[in-house]
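Peer 1: I have a structure here, written as structure tokens, and I will follow up with some questions on it.
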Amino acid sequence: MSLTERDLKVIWHPYTQMKTALPPVPIVRGEGACLYDENGKRYIDAVSSWWVNIHGHAHPYIAKKVAEQLNKLEHVIFAGFTHQPAIELAERLLAILPDNQQKAFYSDNGSTAVEVAIKMCLQYWHNQDIKRTKILAFNNAYHGDTFGAMAVSGRSAFTAAFDSMLFEVEFIDLPEASNIDALKSQISNLKSELACFIFEPLVQGASGMLMYEVEYLDQLMAHCHKEGVLLIADEVFTGFGRTGKSFACDHLQAQPDVMCFSKGLTGGTMALGLTTCTQYIYDAFLSEDRLKTLFHGHSYTANPVACSAGLASMDLFLELSTGKNIERIVNRHQQFALRIKDHPRVRTTRQTGTILALEWETGTDTSYFSSLRDRLYQYFLDAGIILRPLGNIIYILPPYCITDDELSYIYSKIESALEEL
């Protein structure tokens, strides 16, 4: 029995419950930017396996460090105990974050990093007996699939079954020249109620790689600070070089109070979540009163093996060669975007750092469930490229080790698809 046949008997895959869904592709190994199925077919992982893989698959250095840690300590409860990998990873991450980030709280994935951030901000006010309970977020946001993360995400088909159970959130449009003053006024009118503002800095990933300008996000963040509204930057997707700088917040003058990380944190090796915050947020929980404790902890919080993967990924990320690879990908994306921007089938192109998106011209059928989506997905899969269109939007988000030849092949197949589909 093949891996696919066995899989179909026992596994419930995300987003594939339709009876018409394609069977899963059985992947048996990875190397660099590529994955290989059980028949030996190669696929270029152009989306970094849901945006997590930044250094390439089965990276020998990360594998070595993980194996070493497994032979020393696989796990220990993180309540009342600690260990070297967790301390070192927190120290090294805080050292390259904005200066106001002073404390790190571990969890185990991106959604829970966001849950922790929300709870930190709400309880920050609760612990001071100040009633600020409303959360501000962007329309079309995506922050995760757990309930708190869903609540601060835009309402869509993905939340529809749970909308009546999600807490109320104040949603606003992305800031731009035409609406920035109105958004500021809206925040000022709500300031006594607003606990925090959560946002994906510069790029809304799952919503179609929607991008917005540094200038207006800076203005919005500065205004929130003026009105005492805490800021949560969800860098689960944008962190670790995706926007061309180490973190999206490195593009900004204003800085968040809380930051969320996962995905690239371990180089895509295994799950780990981390939420950082300022000293004054931490101080609001530091008390003789046990009821002011942040009651949040996961069984695998700060898992030593995951932290070791994070440390190894950090080593690779800070290498000069990684920075040069990021610059190379940015430049190649820019050249390709210029080449295709006037194609009649391209509605628009968008780029921030190593993230390149192009929107297919499909008339009015532009939803996530666009009929074009499955045709595009299968077209690229047949060509040995893993691209997961967001409706009529194709995006390229490769590991930093991808070669120029591999990028050229992806670009050429996109141009072919523009002519053939």
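Each chain in the structure tokens gets a letter, A, B and so on, in the order shown; residues start at 1 in every chain, and ligands are counted from 1 in the order they appear.
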Which residues of range 241-261 of chain A have any atom within 10 Å of an atom in range 315-334 of chain A when counting only C-alpha atoms, and what is the closest pair of atoms for each, with the distance in Å to one decimal? Order the rows by chain and rising number and write it as a tab-separated table.

Peer 2:
residue	atom	partner	partner_atom	distance
A:Gly241	CA	A:Ile326	CA	7.2
A:Arg242	CA	A:Ile326	CA	8.2
A:Thr243	CA	A:Val330	CA	9.0
A:Gly244	CA	A:Ile326	CA	6.5
A:Lys245	CA	A:Ile326	CA	8.8
A:Ser246	CA	A:Phe317	CA	8.9

Peer 1: Could you pull out the alpha helix (DSSP H) residues of range 235-367 of chain A, going by DSSP on the backbone, and write them as a ChimeraX atom specification?

Peer 2: /A:279-283,304-317,320-340

Peer 1: Mind dumping the selected residues with C-alpha atoms as an mmCIF file, in the first residue's frame?

Peer 2:
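result_11.cif, freshly written:
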data_model
loop_
_atom_site.group_PDB
_atom_site.id
_atom_site.type_symbol
_atom_site.label_atom_id
_atom_site.label_comp_id
_atom_site.auth_asym_id
_atom_site.auth_seq_id
_atom_site.Cartn_x
_atom_site.Cartn_y
_atom_site.Cartn_z
ATOM 1 C CA GLN A 279 9.448 45.711 31.010
ATOM 2 C CA TYR A 280 6.389 47.738 32.040
ATOM 3 C CA ILE A 281 4.020 45.049 30.795
ATOM 4 C CA TYR A 282 5.970 42.427 32.737
ATOM 5 C CA ASP A 283 5.929 44.662 35.837
ATOM 6 C CA PRO A 304 14.754 22.258 24.802
ATOM 7 C CA VAL A 305 14.957 20.500 21.432
ATOM 8 C CA ALA A 306 12.857 23.193 19.737
ATOM 9 C CA CYS A 307 14.919 25.915 21.429
ATOM 10 C CA SER A 308 18.091 24.237 20.163
ATOM 11 C CA ALA A 309 16.650 24.257 16.649
ATOM 12 C CA GLY A 310 15.910 27.951 17.171
ATOM 13 C CA LEU A 311 19.485 28.635 18.251
ATOM 14 C CA ALA A 312 20.882 26.788 15.229
ATOM 15 C CA SER A 313 18.512 28.692 12.933
ATOM 16 C CA MET A 314 19.631 31.955 14.567
ATOM 17 C CA ASP A 315 23.273 31.071 13.869
ATOM 18 C CA LEU A 316 22.455 30.571 10.192
ATOM 19 C CA PHE A 317 20.221 33.628 9.995
ATOM 20 C CA LEU A 320 26.628 37.210 6.216
ATOM 21 C CA SER A 321 25.739 34.765 3.429
ATOM 22 C CA THR A 322 22.078 34.694 4.541
ATOM 23 C CA GLY A 323 21.834 38.468 4.280
ATOM 24 C CA LYS A 324 23.336 38.327 0.806
ATOM 25 C CA ASN A 325 20.850 35.616 -0.215
ATOM 26 C CA ILE A 326 17.955 37.743 1.019
ATOM 27 C CA GLU A 327 19.235 40.701 -1.021
ATOM 28 C CA ARG A 328 19.625 38.453 -4.070
ATOM 29 C CA ILE A 329 16.037 37.168 -3.812
ATOM 30 C CA VAL A 330 14.705 40.716 -3.317
ATOM 31 C CA ASN A 331 16.514 41.894 -6.465
ATOM 32 C CA ARG A 332 15.399 38.898 -8.548
ATOM 33 C CA HIS A 333 11.779 39.404 -7.443
ATOM 34 C CA GLN A 334 11.957 43.094 -8.391
ATOM 35 C CA GLN A 335 13.267 42.273 -11.862
ATOM 36 C CA PHE A 336 10.585 39.649 -12.449
ATOM 37 C CA ALA A 337 7.795 41.911 -11.196
ATOM 38 C CA LEU A 338 8.872 44.610 -13.649
ATOM 39 C CA ARG A 339 8.943 42.068 -16.459
ATOM 40 C CA ILE A 340 5.361 40.878 -16.000
#

Peer 1: Which residue, A:Pro26, A:Gly391, A:Gly267, A:Gly384, has the smallest gap to Val52 in chain A when you use only C-alpha atoms?

Peer 2: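 The answer is A:Gly267, which sits nearest to Val52 in chain A.
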
Peer 1: Interatomic distance between CA of Glu415 in chain A and CA of Ala46 in chain A?

Peer 2: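 The value is 15.3 Å.
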
Peer 1: Write out as an mmCIF file with N, CA and C atoms, in the first residue's frame the residues lying within 10 Å of Gly239 in chain A, counting only C-alpha atoms and excluding same-chain residues fewer than 2 positions away.

Peer 2:
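around_25.cif was written with the following content:
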data_model
loop_
_atom_site.group_PDB
_atom_site.id
_atom_site.type_symbol
_atom_site.label_atom_id
_atom_site.label_comp_id
_atom_site.auth_asym_id
_atom_site.auth_seq_id
_atom_site.Cartn_x
_atom_site.Cartn_y
_atom_site.Cartn_z
ATOM 1 N N PRO A 201 2.550 43.568 10.624
ATOM 2 C CA PRO A 201 3.239 44.748 10.102
ATOM 3 C C PRO A 201 3.613 44.617 8.625
ATOM 4 N N ASP A 234 2.320 41.228 15.205
ATOM 5 C CA ASP A 234 2.317 39.795 14.916
ATOM 6 C C ASP A 234 3.350 39.544 13.807
ATOM 7 N N GLU A 235 4.568 39.158 14.220
ATOM 8 C CA GLU A 235 5.664 38.902 13.275
ATOM 9 C C GLU A 235 5.847 37.403 13.038
ATOM 10 N N VAL A 236 4.800 36.627 13.295
ATOM 11 C CA VAL A 236 4.881 35.180 13.056
ATOM 12 C C VAL A 236 5.283 34.898 11.607
ATOM 13 N N PHE A 237 4.701 35.640 10.678
ATOM 14 C CA PHE A 237 5.009 35.473 9.257
ATOM 15 C C PHE A 237 6.162 36.364 8.814
ATOM 16 N N GLY A 241 13.593 38.031 8.359
ATOM 17 C CA GLY A 241 14.073 38.375 7.036
ATOM 18 C C GLY A 241 13.065 38.451 5.926
ATOM 19 N N ARG A 242 11.822 38.091 6.168
ATOM 20 C CA ARG A 242 10.855 38.018 5.068
ATOM 21 C C ARG A 242 10.626 39.370 4.382
ATOM 22 N N THR A 243 10.695 40.467 5.122
ATOM 23 C CA THR A 243 10.431 41.786 4.534
ATOM 24 C C THR A 243 11.703 42.480 4.064
ATOM 25 N N GLY A 244 12.829 41.752 4.053
ATOM 26 C CA GLY A 244 14.092 42.329 3.627
ATOM 27 C C GLY A 244 14.949 42.801 4.773
ATOM 28 N N LYS A 245 14.353 43.028 5.931
ATOM 29 C CA LYS A 245 15.081 43.319 7.165
ATOM 30 C C LYS A 245 14.808 42.198 8.152
ATOM 31 N N SER A 246 15.558 42.157 9.245
ATOM 32 C CA SER A 246 15.391 41.050 10.190
ATOM 33 C C SER A 246 13.940 40.894 10.614
ATOM 34 N N PHE A 247 13.298 42.027 10.931
ATOM 35 C CA PHE A 247 11.894 42.016 11.336
ATOM 36 C C PHE A 247 11.180 43.175 10.654
ATOM 37 N N ALA A 248 9.899 43.008 10.407
ATOM 38 C CA ALA A 248 9.147 44.072 9.749
ATOM 39 C C ALA A 248 9.203 45.356 10.570
ATOM 40 N N CYS A 249 9.231 45.220 11.893
ATOM 41 C CA CYS A 249 9.268 46.405 12.752
ATOM 42 C C CYS A 249 10.571 47.183 12.622
ATOM 43 N N ASP A 250 11.591 46.567 12.017
ATOM 44 C CA ASP A 250 12.841 47.290 11.776
ATOM 45 C C ASP A 250 12.667 48.380 10.723
ATOM 46 N N MET A 259 5.485 41.549 20.827
ATOM 47 C CA MET A 259 5.775 40.974 19.514
ATOM 48 C C MET A 259 5.576 39.460 19.564
ATOM 49 N N CYS A 260 5.096 38.889 18.455
ATOM 50 C CA CYS A 260 4.792 37.453 18.389
ATOM 51 C C CYS A 260 5.649 36.787 17.316
ATOM 52 N N PHE A 261 6.177 35.599 17.646
ATOM 53 C CA PHE A 261 7.062 34.883 16.723
ATOM 54 C C PHE A 261 6.745 33.392 16.701
ATOM 55 N N SER A 262 6.960 32.791 15.536
ATOM 56 C CA SER A 262 6.926 31.345 15.372
ATOM 57 C C SER A 262 7.528 31.061 14.002
ATOM 58 N N LYS A 263 6.923 30.233 13.164
ATOM 59 C CA LYS A 263 7.352 29.926 11.803
ATOM 60 C C LYS A 263 8.869 29.863 11.662
ATOM 61 N N GLY A 264 9.511 30.941 11.168
ATOM 62 C CA GLY A 264 10.949 30.927 10.935
ATOM 63 C C GLY A 264 11.797 30.862 12.185
ATOM 64 N N LEU A 265 11.190 30.945 13.351
ATOM 65 C CA LEU A 265 11.928 30.929 14.622
ATOM 66 C C LEU A 265 12.834 29.718 14.742
#

Peer 1: Could you tell me which of A:Asn303, A:Thr275, A:Thr362, A:Thr348 comes closest to Lys103 in chain A if we count only C-alpha atoms?

Peer 2: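 Smallest separation from Lys103 in chain A among the options: A:Thr275.
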
Peer 1: Between A:Trp12, A:Phe158, A:Tyr43, A:Trp50, which one has atoms that come closest to Phe369 in chain A, using only C-alpha atoms?

Peer 2: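 Smallest distance to Phe369 in chain A is found for A:Phe158.
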
Peer 1: Need the shell around Tyr212 in chain A: protein/DNA/RNA residues with any atom at most 9 Å away, counting only C-alpha atoms. Skip same-chain ones fewer than 5 positions apart. Format as an NGL selection string?

Peer 2: :A and (174-176 or 201-204 or 217)

Peer 1: From a DSSP pass on the backbone, collect the residues of range 53-193 of chain A flagged as strand (DSSP E or B) and hand them back as a PDB file with N, CA and C atoms, in the first residue's frame.

Peer 2:
ATOM      1  N   HIS A  57      15.470  22.606   3.549  1.00  0.00           N
ATOM      2  CA  HIS A  57      15.011  21.391   4.223  1.00  0.00           C
ATOM      3  C   HIS A  57      16.179  20.519   4.685  1.00  0.00           C
ATOM      4  N   LYS A 103      11.394  41.031  27.799  1.00  0.00           N
ATOM      5  CA  LYS A 103      11.035  39.727  28.364  1.00  0.00           C
ATOM      6  C   LYS A 103      10.477  38.814  27.275  1.00  0.00           C
ATOM      7  N   ALA A 104      10.718  37.506  27.420  1.00  0.00           N
ATOM      8  CA  ALA A 104      10.256  36.528  26.434  1.00  0.00           C
ATOM      9  C   ALA A 104       9.399  35.473  27.126  1.00  0.00           C
ATOM     10  N   PHE A 105       8.256  35.169  26.523  1.00  0.00           N
ATOM     11  CA  PHE A 105       7.335  34.160  27.057  1.00  0.00           C
ATOM     12  C   PHE A 105       7.161  33.083  25.989  1.00  0.00           C
ATOM     13  N   TYR A 106       7.484  31.846  26.324  1.00  0.00           N
ATOM     14  CA  TYR A 106       7.429  30.749  25.364  1.00  0.00           C
ATOM     15  C   TYR A 106       6.047  30.106  25.293  1.00  0.00           C
ATOM     16  N   SER A 107       5.697  29.677  24.075  1.00  0.00           N
ATOM     17  CA  SER A 107       4.532  28.802  23.878  1.00  0.00           C
ATOM     18  C   SER A 107       4.913  27.812  22.780  1.00  0.00           C
ATOM     19  N   LYS A 134     -11.471  46.403  24.951  1.00  0.00           N
ATOM     20  CA  LYS A 134     -11.717  46.272  23.509  1.00  0.00           C
ATOM     21  C   LYS A 134     -10.397  46.155  22.754  1.00  0.00           C
ATOM     22  N   ILE A 135     -10.411  45.376  21.664  1.00  0.00           N
ATOM     23  CA  ILE A 135      -9.216  45.166  20.851  1.00  0.00           C
ATOM     24  C   ILE A 135      -9.446  45.742  19.465  1.00  0.00           C
ATOM     25  N   LEU A 136      -8.426  46.407  18.946  1.00  0.00           N
ATOM     26  CA  LEU A 136      -8.451  46.981  17.612  1.00  0.00           C
ATOM     27  C   LEU A 136      -7.638  46.085  16.676  1.00  0.00           C
ATOM     28  N   ALA A 137      -8.152  45.843  15.475  1.00  0.00           N
ATOM     29  CA  ALA A 137      -7.443  45.013  14.497  1.00  0.00           C
ATOM     30  C   ALA A 137      -7.811  45.475  13.092  1.00  0.00           C
ATOM     31  N   PHE A 138      -7.044  45.016  12.123  1.00  0.00           N
ATOM     32  CA  PHE A 138      -7.306  45.378  10.741  1.00  0.00           C
ATOM     33  C   PHE A 138      -8.345  44.459  10.097  1.00  0.00           C
ATOM     34  N   GLU A 170     -12.937  45.716  17.315  1.00  0.00           N
ATOM     35  CA  GLU A 170     -13.106  46.903  16.479  1.00  0.00           C
ATOM     36  C   GLU A 170     -12.175  46.778  15.272  1.00  0.00           C
ATOM     37  N   PHE A 171     -12.738  46.638  14.089  1.00  0.00           N
ATOM     38  CA  PHE A 171     -11.922  46.472  12.883  1.00  0.00           C
ATOM     39  C   PHE A 171     -11.819  47.775  12.105  1.00  0.00           C
ATOM     40  N   ILE A 172     -10.617  48.030  11.587  1.00  0.00           N
ATOM     41  CA  ILE A 172     -10.390  49.222  10.767  1.00  0.00           C
ATOM     42  C   ILE A 172      -9.683  48.823   9.469  1.00  0.00           C
TER      43      ILE A 172
END

Peer 1: Mind pulling up the distance from CA of His143 in chain A to CA of Ala157 in chain A?

Peer 2: 14.8 Å

Peer 1: For Leu93 in chain A, which residue among A:Leu231, A:Leu252, A:Leu274, A:Ile130 is the nearest when counting only C-alpha atoms?

Peer 2: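 Going through A:Leu231, A:Leu252, A:Leu274, A:Ile130 one by one, the smallest distance to Leu93 in chain A is for A:Leu274.
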
Peer 1: Determine the nearest neighbour of His251 in chain A from the options A:Leu97, A:Ile394, A:Val114, A:Leu294, counting only C-alpha atoms.

Peer 2: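 Nearest to His251 in chain A: A:Leu97.
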
Peer 1: Contacts between range 218-223 of chain A and range 232-280 of chain A, please, where a residue of range 232-280 of chain A counts if it comes within 8 Å (with only C-alpha atoms); show its shortest atom pair and distance in Å to one decimal, rows by chain and ascending number, as a tab-separated table.

Peer 2:
residue	atom	partner	partner_atom	distance
A:Leu252	CA	A:Asp218	CA	6.1
A:Gln253	CA	A:Asp218	CA	6.4
A:Ala254	CA	A:Asp218	CA	5.6
A:Gln255	CA	A:Met221	CA	7.5
A:Pro256	CA	A:Met221	CA	7.7
